[in-house]
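query_5.cif (mmCIF, C-alpha atoms)
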data_final
#
loop_
_atom_site.label_atom_id
_atom_site.label_comp_id
_atom_site.auth_asym_id
_atom_site.auth_seq_id
_atom_site.Cartn_x
_atom_site.Cartn_y
_atom_site.Cartn_z
CA MET P 1 25.82 -17.81 29.46
CA ARG P 2 24.85 -17.56 33.13
CA THR P 3 21.08 -17.49 33.62
CA ARG P 4 19.49 -15.09 36.08
CA THR P 5 16.04 -13.69 36.72
CA LEU P 6 15.28 -10.15 35.65
CA ALA P 7 12.07 -8.42 36.77
CA LEU P 8 10.33 -6.57 33.95
CA ALA P 9 9.78 -2.88 34.70
CA LEU P 10 6.98 -1.44 32.56
CA PRO P 11 7.11 2.09 31.11
CA LEU P 12 4.09 4.28 31.76
CA GLY P 13 3.95 7.30 29.46
CA LEU P 14 5.83 6.85 26.20
CA VAL P 15 5.84 8.27 22.65
CA ALA P 16 5.91 7.34 18.92
CA ALA P 17 7.17 8.05 15.37
CA PHE P 18 8.23 6.11 12.30
CA GLY P 19 11.31 4.29 11.07
CA VAL P 20 12.88 2.14 8.38
CA ALA P 21 14.34 -1.36 8.29
CA ALA P 22 17.62 -1.72 10.09
CA CYS P 23 20.00 -4.27 11.46
CA SER P 24 23.43 -3.84 12.96
CA ASP P 25 26.73 -5.44 12.08
CA ASP P 26 27.27 -9.14 12.68
CA GLY P 27 28.92 -9.21 16.05
CA GLY P 28 29.90 -12.90 16.17
CA ASP P 29 28.78 -14.03 19.61
CA LYS P 30 26.94 -10.77 20.15
CA PRO P 31 23.28 -11.32 21.11
CA LYS P 32 20.92 -10.99 18.15
CA VAL P 33 17.13 -10.56 17.97
CA GLY P 34 14.92 -11.24 14.95
CA VAL P 35 11.51 -9.59 14.50
CA ILE P 36 8.90 -10.55 11.90
CA LEU P 37 6.18 -7.95 11.34
CA PRO P 38 2.96 -9.06 9.58
CA ASP P 39 2.27 -6.54 6.79
CA SER P 40 2.07 -2.85 5.99
CA LYS P 41 -1.51 -2.61 4.71
CA SER P 42 -3.76 -3.76 7.57
CA SER P 43 -2.49 -0.95 9.81
CA ALA P 44 0.08 1.79 9.36
CA ARG P 45 1.48 1.10 12.85
CA TRP P 46 3.80 -1.76 11.89
CA GLU P 47 6.03 0.40 9.71
CA THR P 48 5.42 3.84 11.18
CA ALA P 49 5.75 2.95 14.86
CA ASP P 50 6.75 -0.58 15.85
CA ARG P 51 9.78 -0.77 13.55
CA LYS P 52 11.20 2.51 14.82
CA TYR P 53 10.71 1.83 18.52
CA LEU P 54 12.11 -1.69 18.36
CA SER P 55 15.14 -0.51 16.39
CA GLU P 56 15.81 2.26 18.89
CA ALA P 57 15.58 -0.11 21.86
CA PHE P 58 17.93 -2.71 20.37
CA LYS P 59 20.45 -0.08 19.31
CA ALA P 60 20.45 1.45 22.77
CA ALA P 61 21.09 -1.96 24.32
CA GLY P 62 23.92 -2.80 21.91
CA VAL P 63 22.07 -5.86 20.62
CA ASP P 64 22.21 -6.93 16.96
CA TYR P 65 18.79 -7.14 15.33
CA ASP P 66 16.99 -7.90 12.10
CA ILE P 67 13.47 -6.57 11.51
CA GLN P 68 11.59 -7.80 8.44
CA ASN P 69 8.02 -7.57 7.20
CA ALA P 70 6.25 -10.63 5.74
CA GLN P 71 3.78 -8.42 3.82
CA ASP P 72 0.87 -10.76 4.55
CA ASP P 73 2.60 -13.68 2.78
CA LYS P 74 2.60 -16.90 4.84
CA ALA P 75 5.34 -18.54 2.74
CA GLN P 76 7.49 -15.43 3.07
CA PHE P 77 6.83 -15.39 6.82
CA GLN P 78 8.29 -18.89 7.13
CA THR P 79 11.19 -18.11 4.81
CA ILE P 80 12.14 -15.05 6.86
CA ALA P 81 12.02 -17.12 10.05
CA ASP P 82 14.24 -19.83 8.52
CA GLN P 83 16.77 -17.19 7.42
CA MET P 84 16.83 -15.55 10.83
CA ILE P 85 17.35 -18.88 12.61
CA THR P 86 20.10 -19.83 10.14
CA ASN P 87 21.74 -16.43 10.69
CA GLY P 88 21.95 -17.06 14.42
CA VAL P 89 19.26 -15.05 16.18
CA ASN P 90 19.08 -15.83 19.89
CA VAL P 91 15.50 -14.55 20.16
CA LEU P 92 12.67 -14.49 17.63
CA ILE P 93 9.73 -12.08 18.03
CA ILE P 94 6.76 -12.69 15.74
CA VAL P 95 3.44 -11.03 14.92
CA ASN P 96 1.70 -14.02 13.40
CA LEU P 97 -0.40 -13.95 10.24
CA ASP P 98 -2.43 -16.83 11.64
CA SER P 99 -1.91 -19.31 14.44
CA GLY P 100 -1.05 -22.22 12.15
CA THR P 101 1.83 -20.43 10.44
CA GLY P 102 2.92 -18.87 13.70
CA LYS P 103 2.98 -22.24 15.50
CA ALA P 104 5.15 -23.83 12.80
CA VAL P 105 7.68 -21.00 13.06
CA LEU P 106 7.71 -20.96 16.87
CA ASP P 107 8.12 -24.73 17.11
CA LYS P 108 11.02 -24.70 14.64
CA ALA P 109 12.73 -21.90 16.56
CA LYS P 110 12.24 -23.74 19.84
CA ALA P 111 13.76 -26.90 18.36
CA GLN P 112 16.83 -24.86 17.39
CA GLY P 113 17.20 -23.44 20.91
CA VAL P 114 15.93 -19.97 19.93
CA ALA P 115 13.85 -18.10 22.53
CA THR P 116 10.47 -16.90 21.24
CA ILE P 117 7.97 -14.12 21.98
CA ASP P 118 4.48 -13.53 20.57
CA TYR P 119 4.08 -9.81 19.91
CA ASP P 120 0.63 -8.20 19.79
CA ARG P 121 -1.10 -11.43 18.63
CA LEU P 122 -1.15 -14.64 20.64
CA THR P 123 -0.36 -17.76 18.60
CA LEU P 124 -2.99 -20.29 19.69
CA GLY P 125 -1.44 -23.69 20.28
CA GLY P 126 1.99 -22.12 19.94
CA SER P 127 5.11 -22.39 22.07
CA ALA P 128 6.15 -18.77 22.63
CA GLN P 129 7.78 -18.22 26.00
CA TYR P 130 6.15 -14.80 26.41
CA TYR P 131 3.30 -12.74 25.02
CA VAL P 132 3.27 -8.93 24.89
CA SER P 133 0.19 -6.99 23.81
CA PHE P 134 -2.54 -4.64 24.88
CA ASP P 135 -5.58 -5.95 26.73
CA ASN P 136 -7.59 -6.65 23.59
CA VAL P 137 -10.83 -7.48 25.39
CA LYS P 138 -10.53 -4.05 27.00
CA VAL P 139 -9.93 -2.49 23.57
CA GLY P 140 -13.15 -4.12 22.37
CA THR P 141 -14.98 -2.94 25.47
CA LEU P 142 -13.89 0.63 24.72
CA LEU P 143 -15.15 0.26 21.13
CA GLY P 144 -18.55 -0.88 22.42
CA GLN P 145 -18.72 1.88 25.01
CA GLY P 146 -17.64 4.40 22.37
CA VAL P 147 -20.48 3.67 19.98
CA VAL P 148 -22.94 3.68 22.90
CA LYS P 149 -21.73 7.13 23.98
CA CYS P 150 -22.04 8.57 20.48
CA LEU P 151 -25.50 7.08 19.96
CA THR P 152 -26.62 8.33 23.38
CA ASP P 153 -25.32 11.81 22.58
CA ALA P 154 -27.29 11.66 19.32
CA LYS P 155 -30.41 10.50 21.24
CA ALA P 156 -30.76 7.53 18.86
CA ALA P 157 -33.82 5.32 19.40
CA LYS P 158 -33.45 1.55 18.86
CA PRO P 159 -30.47 1.99 16.50
CA VAL P 160 -29.42 -0.84 14.18
CA ILE P 161 -25.76 -1.71 14.91
CA SER P 162 -23.51 -3.46 12.42
CA TYR P 163 -20.17 -5.15 13.18
CA LEU P 164 -17.18 -4.90 10.86
CA ASN P 165 -14.90 -7.36 12.61
CA GLY P 166 -11.19 -8.03 12.12
CA SER P 167 -9.68 -11.04 10.40
CA PRO P 168 -11.14 -14.42 11.45
CA THR P 169 -7.58 -15.83 11.63
CA ASP P 170 -6.42 -13.19 14.14
CA ASN P 171 -7.07 -14.08 17.80
CA ASN P 172 -7.07 -10.35 18.58
CA ALA P 173 -10.19 -9.94 16.45
CA THR P 174 -11.89 -12.63 18.53
CA LEU P 175 -10.92 -10.85 21.75
CA LEU P 176 -12.06 -7.46 20.41
CA LYS P 177 -15.47 -8.88 19.52
CA GLN P 178 -15.72 -10.47 22.96
CA GLY P 179 -15.21 -6.98 24.40
CA TYR P 180 -17.78 -5.08 22.35
CA ASP P 181 -20.28 -7.93 22.48
CA GLY P 182 -20.04 -7.70 26.26
CA VAL P 183 -21.21 -4.08 26.05
CA LEU P 184 -23.76 -4.36 23.26
CA LYS P 185 -25.40 -7.78 23.66
CA PRO P 186 -27.29 -6.72 26.80
CA LYS P 187 -28.70 -3.79 24.81
CA PHE P 188 -29.74 -6.10 21.97
CA ASP P 189 -31.33 -8.51 24.45
CA ALA P 190 -33.19 -5.66 26.15
CA GLY P 191 -34.51 -4.33 22.84
CA GLU P 192 -32.71 -1.00 23.28
CA TYR P 193 -30.57 -1.65 20.18
CA VAL P 194 -31.11 -3.88 17.14
CA LYS P 195 -28.37 -6.26 15.99
CA GLY P 196 -27.54 -5.65 12.33
CA PRO P 197 -25.11 -7.30 9.90
CA ASP P 198 -22.10 -8.93 11.53
CA GLU P 199 -19.15 -9.73 9.21
CA ALA P 200 -15.44 -10.49 9.56
CA VAL P 201 -12.94 -8.91 7.15
CA PRO P 202 -10.38 -11.44 5.88
CA GLY P 203 -6.82 -10.25 6.48
CA TRP P 204 -8.09 -6.92 7.83
CA ASP P 205 -8.14 -5.88 4.16
CA ASN P 206 -9.54 -2.37 3.83
CA PRO P 207 -10.85 -2.57 0.22
CA THR P 208 -12.61 -5.83 1.13
CA ALA P 209 -14.09 -4.07 4.16
CA GLY P 210 -15.48 -1.37 1.88
CA THR P 211 -17.17 -3.94 -0.33
CA ILE P 212 -18.57 -5.82 2.68
CA PHE P 213 -19.95 -2.65 4.22
CA GLU P 214 -21.55 -1.46 0.99
CA GLN P 215 -23.36 -4.82 0.89
CA MET P 216 -24.41 -4.30 4.51
CA LEU P 217 -25.98 -0.97 3.59
CA VAL P 218 -27.93 -2.62 0.78
CA GLN P 219 -29.13 -5.28 3.21
CA LYS P 220 -29.91 -2.80 6.02
CA PRO P 221 -30.10 0.80 4.78
CA ASP P 222 -31.12 1.89 8.29
CA ILE P 223 -27.79 1.03 9.93
CA ALA P 224 -27.34 3.66 12.65
CA GLY P 225 -24.03 2.64 14.23
CA VAL P 226 -20.92 0.73 13.13
CA VAL P 227 -18.44 -1.06 15.35
CA ALA P 228 -15.38 -1.23 13.08
CA ALA P 229 -12.46 -3.11 14.62
CA ASN P 230 -9.73 -0.69 13.52
CA ASP P 231 -9.27 2.69 11.83
CA GLY P 232 -8.63 1.18 8.40
CA LEU P 233 -11.92 -0.71 8.47
CA ALA P 234 -13.61 2.39 9.89
CA ASN P 235 -12.35 4.52 6.99
CA ALA P 236 -13.64 1.94 4.51
CA ALA P 237 -17.08 2.15 6.14
CA ILE P 238 -16.94 5.94 6.18
CA ALA P 239 -16.16 6.00 2.44
CA ALA P 240 -19.30 3.91 1.80
CA LEU P 241 -21.36 6.14 4.09
CA LYS P 242 -20.14 9.24 2.21
CA LYS P 243 -21.58 7.84 -1.00
CA GLN P 244 -24.98 7.78 0.73
CA LYS P 245 -24.40 11.16 2.41
CA LEU P 246 -24.57 9.40 5.79
CA ASN P 247 -21.08 10.22 7.04
CA GLY P 248 -21.23 12.10 10.32
CA LYS P 249 -24.76 10.81 10.89
CA VAL P 250 -23.82 7.18 11.58
CA PRO P 251 -21.27 6.78 14.41
CA VAL P 252 -18.30 4.56 13.47
CA THR P 253 -15.65 3.28 15.89
CA GLY P 254 -12.03 2.37 15.23
CA GLN P 255 -8.72 1.65 16.91
CA ASP P 256 -5.00 2.40 16.48
CA ALA P 257 -5.31 6.22 16.57
CA THR P 258 -3.84 6.49 13.09
CA THR P 259 -3.49 9.95 11.59
CA GLU P 260 -6.33 9.08 9.21
CA GLY P 261 -8.46 7.87 12.11
CA LEU P 262 -7.78 11.00 14.17
CA ARG P 263 -8.66 13.21 11.21
CA ASN P 264 -11.91 11.30 10.75
CA VAL P 265 -12.69 11.81 14.45
CA LEU P 266 -12.01 15.54 14.19
CA ALA P 267 -14.12 15.81 11.03
CA GLY P 268 -17.03 14.13 12.83
CA ASP P 269 -17.09 11.15 10.46
CA GLN P 270 -15.71 8.74 13.07
CA CYS P 271 -17.18 8.48 16.56
CA MET P 272 -13.92 7.54 18.31
CA THR P 273 -10.71 5.55 18.10
CA VAL P 274 -8.75 3.57 20.66
CA TYR P 275 -5.20 4.68 21.30
CA LYS P 276 -2.65 2.00 22.12
CA PRO P 277 0.68 3.64 23.04
CA ILE P 278 2.83 1.45 20.78
CA LYS P 279 6.09 2.59 22.33
CA GLN P 280 5.03 1.01 25.62
CA GLU P 281 4.38 -2.27 23.82
CA ALA P 282 7.62 -2.13 21.83
CA ASP P 283 9.65 -1.23 24.92
CA ALA P 284 8.09 -4.09 26.91
CA VAL P 285 8.84 -6.70 24.24
CA SER P 286 12.34 -5.37 23.58
CA ARG P 287 13.10 -5.47 27.30
CA LEU P 288 12.12 -9.13 27.40
CA ALA P 289 14.00 -9.93 24.19
CA ILE P 290 17.19 -8.17 25.28
CA GLY P 291 17.15 -10.05 28.58
CA LEU P 292 16.67 -13.39 26.80
CA ALA P 293 19.36 -12.60 24.23
CA LYS P 294 21.82 -11.91 27.03
CA GLY P 295 21.06 -15.23 28.71
CA GLU P 296 18.77 -13.85 31.40
CA LYS P 297 15.37 -15.22 32.36
CA PRO P 298 12.96 -12.27 32.52
CA THR P 299 9.71 -12.41 34.46
CA ALA P 300 6.38 -11.08 33.23
CA PRO P 301 3.71 -9.61 35.51
CA GLY P 302 0.80 -11.77 34.34
CA THR P 303 -0.38 -14.68 32.21
CA VAL P 304 -2.82 -15.24 29.35
CA HIS P 305 -4.49 -18.61 28.86
CA ASP P 306 -4.02 -20.27 25.48
CA PRO P 307 -7.11 -22.49 25.13
CA GLU P 308 -5.72 -24.50 22.22
CA GLY P 309 -2.38 -25.18 23.87
CA ASN P 310 -4.04 -25.43 27.30
CA ARG P 311 -1.26 -23.41 28.89
CA ASP P 312 -0.81 -20.08 30.63
CA VAL P 313 1.65 -17.87 28.76
CA PRO P 314 3.69 -15.35 30.80
CA SER P 315 2.38 -12.03 29.53
CA VAL P 316 2.55 -8.26 29.56
CA LEU P 317 -0.82 -6.62 28.82
CA LEU P 318 -0.93 -2.84 28.49
CA GLU P 319 -3.85 -0.42 28.90
CA PRO P 320 -5.61 1.22 25.91
CA GLN P 321 -7.32 4.64 25.93
CA SER P 322 -10.52 5.94 24.28
CA ILE P 323 -10.02 8.95 22.02
CA PHE P 324 -12.95 11.19 21.12
CA LYS P 325 -12.81 14.58 19.42
CA ALA P 326 -12.29 16.36 22.75
CA ASN P 327 -9.09 14.48 23.65
CA VAL P 328 -7.37 13.97 20.29
CA ASN P 329 -4.57 16.11 21.72
CA ASP P 330 -3.68 13.26 24.11
CA VAL P 331 -2.29 11.34 21.14
CA VAL P 332 -0.49 14.36 19.68
CA LYS P 333 0.93 15.30 23.09
CA ASP P 334 2.26 11.76 23.45
CA GLY P 335 4.15 12.15 20.18
CA TYR P 336 2.34 9.34 18.37
CA ALA P 337 0.86 11.74 15.79
CA THR P 338 1.88 15.25 14.80
CA LYS P 339 -0.24 18.38 14.80
CA GLN P 340 1.05 19.13 11.31
CA ASP P 341 -0.39 15.90 9.92
CA VAL P 342 -3.57 15.67 12.01
CA CYS P 343 -4.56 19.32 11.54
CA ALA P 344 -3.57 19.80 7.90
CA GLY P 345 -5.90 21.56 5.50
CA ASP P 346 -9.50 22.17 6.46
CA LEU P 347 -9.11 20.60 9.91
CA ALA P 348 -7.01 23.43 11.34
CA ALA P 349 -10.09 25.12 12.81
CA LYS P 350 -11.34 21.85 14.33
CA CYS P 351 -7.95 21.33 15.96
CA ALA P 352 -8.05 24.82 17.40
CA GLU P 353 -11.53 24.18 18.82
CA VAL P 354 -10.36 21.15 20.83
CA GLY P 355 -6.91 22.47 21.75
CA VAL P 356 -4.64 20.30 19.61
CA ASN P 357 -1.17 21.77 20.04
#

Conversion result in structure tokens:
Amino acid sequence: MRTRTLALALPLGLVAAFGVAACSDDGGDKPKVGVILPDSKSSARWETADRKYLSEAFKAAGVDYDIQNAQDDKAQFQTIADQMITNGVNVLIIVNLDSGTGKAVLDKAKAQGVATIDYDRLTLGGSAQYYVSFDNVKVGTLLGQGVVKCLTDAKAAKPVISYLNGSPTDNNATLLKQGYDGVLKPKFDAGEYVKGPDEAVPGWDNPTAGTIFEQMLVQKPDIAGVVAANDGLANAAIAALKKQKLNGKVPVTGQDATTEGLRNVLAGDQCMTVYKPIKQEADAVSRLAIGLAKGEKPTAPGTVHDPEGNRDVPSVLLEPQSIFKANVNDVVKDGYATKQDVCAGDLAAKCAEVGVN
């Protein structure tokens, strides 16, 4: 195919929903894209948002596609990749389970002449031609600023802050912590806040997070604020706080703006969440993938440095948004969550108070 350069135009305000696995007919020489999602338990987004948006974009472009979920199984992740390469994908998009597994898959695809893109998580030491994600340091910064706002509003004095970090094998978790440390470390150093327990949650596993946080509360019963790295971890912490009748008294952060997270924010059990408009991310990666599949050479607006590979990866980084109780409607208005789900049951009055419509 003739190679040409295609500038990447980024969408600004875009929406969300959910979908199911899909792939189109085998079109012979028709361009084909493979996507490997990581799991369905660490965050609801992979199956309720990313799958749908990617499917819609590939269908609209007339590109064959195959979207599969590795369900947090490294062996299955590699098997899926091998099958996709054997079945003739021109482009492989991965959300790695860890950098080691991701690198092996990317290198094998590259050796077979398959174009590759890291989606949401950068594979350290990998060989992906592009990286598409949100600015994860900024997400972490918003988490840190969020817990500070809620503690300031509560007039907390020298609060003990605990960290419930994401998986130690996920580079995003490292970037998130870099962001909230940047906000909170100066407060620890100044004696305004007290640094409490600081633990990573293997595989972003929510039940494990609950166990870890219960142990934190035994160690430091006076925890007054929790920086949880996503809404699933936040909900696990909230469940432990409820057992001690501390929910609503101890601010907890989160990210992903899941329906559960938004309901916790409305109920007052969660301080805030960070909204990442997934459709923007899915549209950006599909635009790159479609261009590559058609033999084009897309350009990306920026780069991210991979310290292990010592290279700058052409990248698209999108902007996240803080969501507190007062602006939950921003997520509903964008179509990422529905009023019916967010406001169900005893939260109808809370929704009315803050104008969710």

Spell out the residues picked by the PyMOL selection byres ((chain P and resi 299-307) around 8) here, as a PyMOL selection string. chain P and resi 5-8+122+124-125+130-131+297-298+308-317

Pick the closest to Ser55 (chain P) from P:Ala282, P:Leu262, P:Ala115, P:Cys271: which is it, counting all atoms listed in the file? P:Ala282

I need the output of the PyMOL selection byres ((chain P and resi 225) around 6) for this file as a list in words; which residues are they? Ile161, Ile223, Ala224, Val226, Val250 and Pro251 of chain P

Work out how far CA of Pro207 (chain P) is from CA of Ser167 (chain P), in Å to one decimal.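 According to the coordinates, CA of Ser167 (chain P) and CA of Pro207 (chain P) are separated by 13.3 Å.
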
CA of Ala293 (chain P) to CA of Leu318 (chain P) measures 22.9 Å

Could you check the closest approach to Asp334 (chain P) for each of P:Val356, P:Leu92, P:Met272, P:Met216 and tell me which residue wins, using only C-alpha atoms?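 Using only C-alpha atoms, the shortest distance to Asp334 (chain P) belongs to P:Val356.
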
Taking all atoms of region 33-51 of chain P that the file lists, what box with edges along x, y and z, padded by 6 Å per side, do you get, with centre and edge lengths in Å to one decimal, as JSON?
{"center_x": 6.7, "center_y": -3.7, "center_z": 11.3, "size_x": 32.9, "size_y": 27.1, "size_z": 25.3}

I would like the residues chosen by the PyMOL selection byres ((chain P and resi 268) around 10) on the shown file; could you give them as a ChimeraX atom specification? /P:247-252,262-267,269-272,324-325,350

From the list P:Arg121, P:Lys108, P:Lys242, P:Arg45, which residue is nearest Ile94 (chain P) when using all atoms listed in the file?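 Smallest separation from Ile94 (chain P) among the options: P:Arg121.
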
Contact residues around Ala109 (chain P) with all atoms listed in the file at 12 Å, ignoring same-chain residues under 5 positions, as a PDB file with C-alpha atoms, in the coordinates of the input:
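As written to disk, out.pdb reads:
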ATOM      1  CA  GLY P  34      14.920 -11.240  14.950  1.00  0.00           C
ATOM      2  CA  GLN P  78       8.290 -18.890   7.130  1.00  0.00           C
ATOM      3  CA  ILE P  80      12.140 -15.050   6.860  1.00  0.00           C
ATOM      4  CA  ALA P  81      12.020 -17.120  10.050  1.00  0.00           C
ATOM      5  CA  ASP P  82      14.240 -19.830   8.520  1.00  0.00           C
ATOM      6  CA  GLN P  83      16.770 -17.190   7.420  1.00  0.00           C
ATOM      7  CA  MET P  84      16.830 -15.550  10.830  1.00  0.00           C
ATOM      8  CA  ILE P  85      17.350 -18.880  12.610  1.00  0.00           C
ATOM      9  CA  THR P  86      20.100 -19.830  10.140  1.00  0.00           C
ATOM     10  CA  GLY P  88      21.950 -17.060  14.420  1.00  0.00           C
ATOM     11  CA  VAL P  89      19.260 -15.050  16.180  1.00  0.00           C
ATOM     12  CA  ASN P  90      19.080 -15.830  19.890  1.00  0.00           C
ATOM     13  CA  VAL P  91      15.500 -14.550  20.160  1.00  0.00           C
ATOM     14  CA  LEU P  92      12.670 -14.490  17.630  1.00  0.00           C
ATOM     15  CA  ILE P  93       9.730 -12.080  18.030  1.00  0.00           C
ATOM     16  CA  ILE P  94       6.760 -12.690  15.740  1.00  0.00           C
ATOM     17  CA  GLY P 102       2.920 -18.870  13.700  1.00  0.00           C
ATOM     18  CA  LYS P 103       2.980 -22.240  15.500  1.00  0.00           C
ATOM     19  CA  ALA P 104       5.150 -23.830  12.800  1.00  0.00           C
ATOM     20  CA  VAL P 114      15.930 -19.970  19.930  1.00  0.00           C
ATOM     21  CA  ALA P 115      13.850 -18.100  22.530  1.00  0.00           C
ATOM     22  CA  THR P 116      10.470 -16.900  21.240  1.00  0.00           C
ATOM     23  CA  ILE P 117       7.970 -14.120  21.980  1.00  0.00           C
ATOM     24  CA  GLY P 126       1.990 -22.120  19.940  1.00  0.00           C
ATOM     25  CA  SER P 127       5.110 -22.390  22.070  1.00  0.00           C
ATOM     26  CA  ALA P 128       6.150 -18.770  22.630  1.00  0.00           C
ATOM     27  CA  GLN P 129       7.780 -18.220  26.000  1.00  0.00           C
TER      28      GLN P 129
END

Find the residues around Asp72 (chain P) up to 9 Å (all atoms listed in the file counted), leave out those fewer than 5 positions away in its own chain, and share them as a VMD selection string. chain P and resid 38 to 42 77 97 203

Atomic separation - CA of Asn171 (chain P) relative to CA of Ile212 (chain P), Å: 20.7 Å

Compile the contact shell of Asp170 (chain P) as a VMD selection string: residues with an atom at most 8 Å away, counting only C-alpha atoms, same-chain residues fewer than 2 positions apart removed. chain P and resid 97 to 99 121 166 to 168 172 to 174

Output file: region 45-56 of chain P, N, CA, C and O atoms, as a PDB file, in the first residue's frame:
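Writing done, so here's result17.pdb:
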ATOM      1  N   ARG P  45     -14.990  -0.130  32.950  1.00  0.00           N
ATOM      2  CA  ARG P  45     -14.866   0.621  31.700  1.00  0.00           C
ATOM      3  C   ARG P  45     -14.534  -0.250  30.501  1.00  0.00           C
ATOM      4  O   ARG P  45     -15.003   0.006  29.390  1.00  0.00           O
ATOM      5  N   TRP P  46     -13.691  -1.282  30.704  1.00  0.00           N
ATOM      6  CA  TRP P  46     -13.199  -2.045  29.549  1.00  0.00           C
ATOM      7  C   TRP P  46     -14.327  -2.684  28.762  1.00  0.00           C
ATOM      8  O   TRP P  46     -14.305  -2.707  27.528  1.00  0.00           O
ATOM      9  N   GLU P  47     -15.327  -3.206  29.469  1.00  0.00           N
ATOM     10  CA  GLU P  47     -16.447  -3.853  28.777  1.00  0.00           C
ATOM     11  C   GLU P  47     -17.636  -2.929  28.549  1.00  0.00           C
ATOM     12  O   GLU P  47     -18.378  -3.100  27.594  1.00  0.00           O
ATOM     13  N   THR P  48     -17.817  -1.948  29.419  1.00  0.00           N
ATOM     14  CA  THR P  48     -18.994  -1.092  29.283  1.00  0.00           C
ATOM     15  C   THR P  48     -18.776   0.126  28.400  1.00  0.00           C
ATOM     16  O   THR P  48     -19.731   0.757  27.969  1.00  0.00           O
ATOM     17  N   ALA P  49     -17.507   0.459  28.131  1.00  0.00           N
ATOM     18  CA  ALA P  49     -17.231   1.665  27.339  1.00  0.00           C
ATOM     19  C   ALA P  49     -16.265   1.407  26.189  1.00  0.00           C
ATOM     20  O   ALA P  49     -16.621   1.551  25.027  1.00  0.00           O
ATOM     21  N   ASP P  50     -15.046   1.004  26.514  1.00  0.00           N
ATOM     22  CA  ASP P  50     -14.019   0.875  25.466  1.00  0.00           C
ATOM     23  C   ASP P  50     -14.452  -0.058  24.338  1.00  0.00           C
ATOM     24  O   ASP P  50     -14.283   0.260  23.154  1.00  0.00           O
ATOM     25  N   ARG P  51     -14.992  -1.212  24.681  1.00  0.00           N
ATOM     26  CA  ARG P  51     -15.384  -2.181  23.653  1.00  0.00           C
ATOM     27  C   ARG P  51     -16.403  -1.575  22.687  1.00  0.00           C
ATOM     28  O   ARG P  51     -16.281  -1.697  21.468  1.00  0.00           O
ATOM     29  N   LYS P  52     -17.393  -0.907  23.225  1.00  0.00           N
ATOM     30  CA  LYS P  52     -18.437  -0.315  22.386  1.00  0.00           C
ATOM     31  C   LYS P  52     -17.880   0.762  21.458  1.00  0.00           C
ATOM     32  O   LYS P  52     -18.129   0.749  20.246  1.00  0.00           O
ATOM     33  N   TYR P  53     -17.109   1.678  22.009  1.00  0.00           N
ATOM     34  CA  TYR P  53     -16.615   2.797  21.209  1.00  0.00           C
ATOM     35  C   TYR P  53     -15.663   2.343  20.116  1.00  0.00           C
ATOM     36  O   TYR P  53     -15.691   2.847  18.990  1.00  0.00           O
ATOM     37  N   LEU P  54     -14.790   1.397  20.453  1.00  0.00           N
ATOM     38  CA  LEU P  54     -13.859   0.885  19.449  1.00  0.00           C
ATOM     39  C   LEU P  54     -14.614   0.166  18.338  1.00  0.00           C
ATOM     40  O   LEU P  54     -14.337   0.360  17.152  1.00  0.00           O
ATOM     41  N   SER P  55     -15.581  -0.656  18.720  1.00  0.00           N
ATOM     42  CA  SER P  55     -16.387  -1.369  17.719  1.00  0.00           C
ATOM     43  C   SER P  55     -17.087  -0.395  16.780  1.00  0.00           C
ATOM     44  O   SER P  55     -17.078  -0.580  15.557  1.00  0.00           O
ATOM     45  N   GLU P  56     -17.673   0.633  17.360  1.00  0.00           N
ATOM     46  CA  GLU P  56     -18.399   1.617  16.544  1.00  0.00           C
ATOM     47  C   GLU P  56     -17.469   2.313  15.555  1.00  0.00           C
ATOM     48  O   GLU P  56     -17.815   2.511  14.385  1.00  0.00           O
TER      49      GLU P  56
END
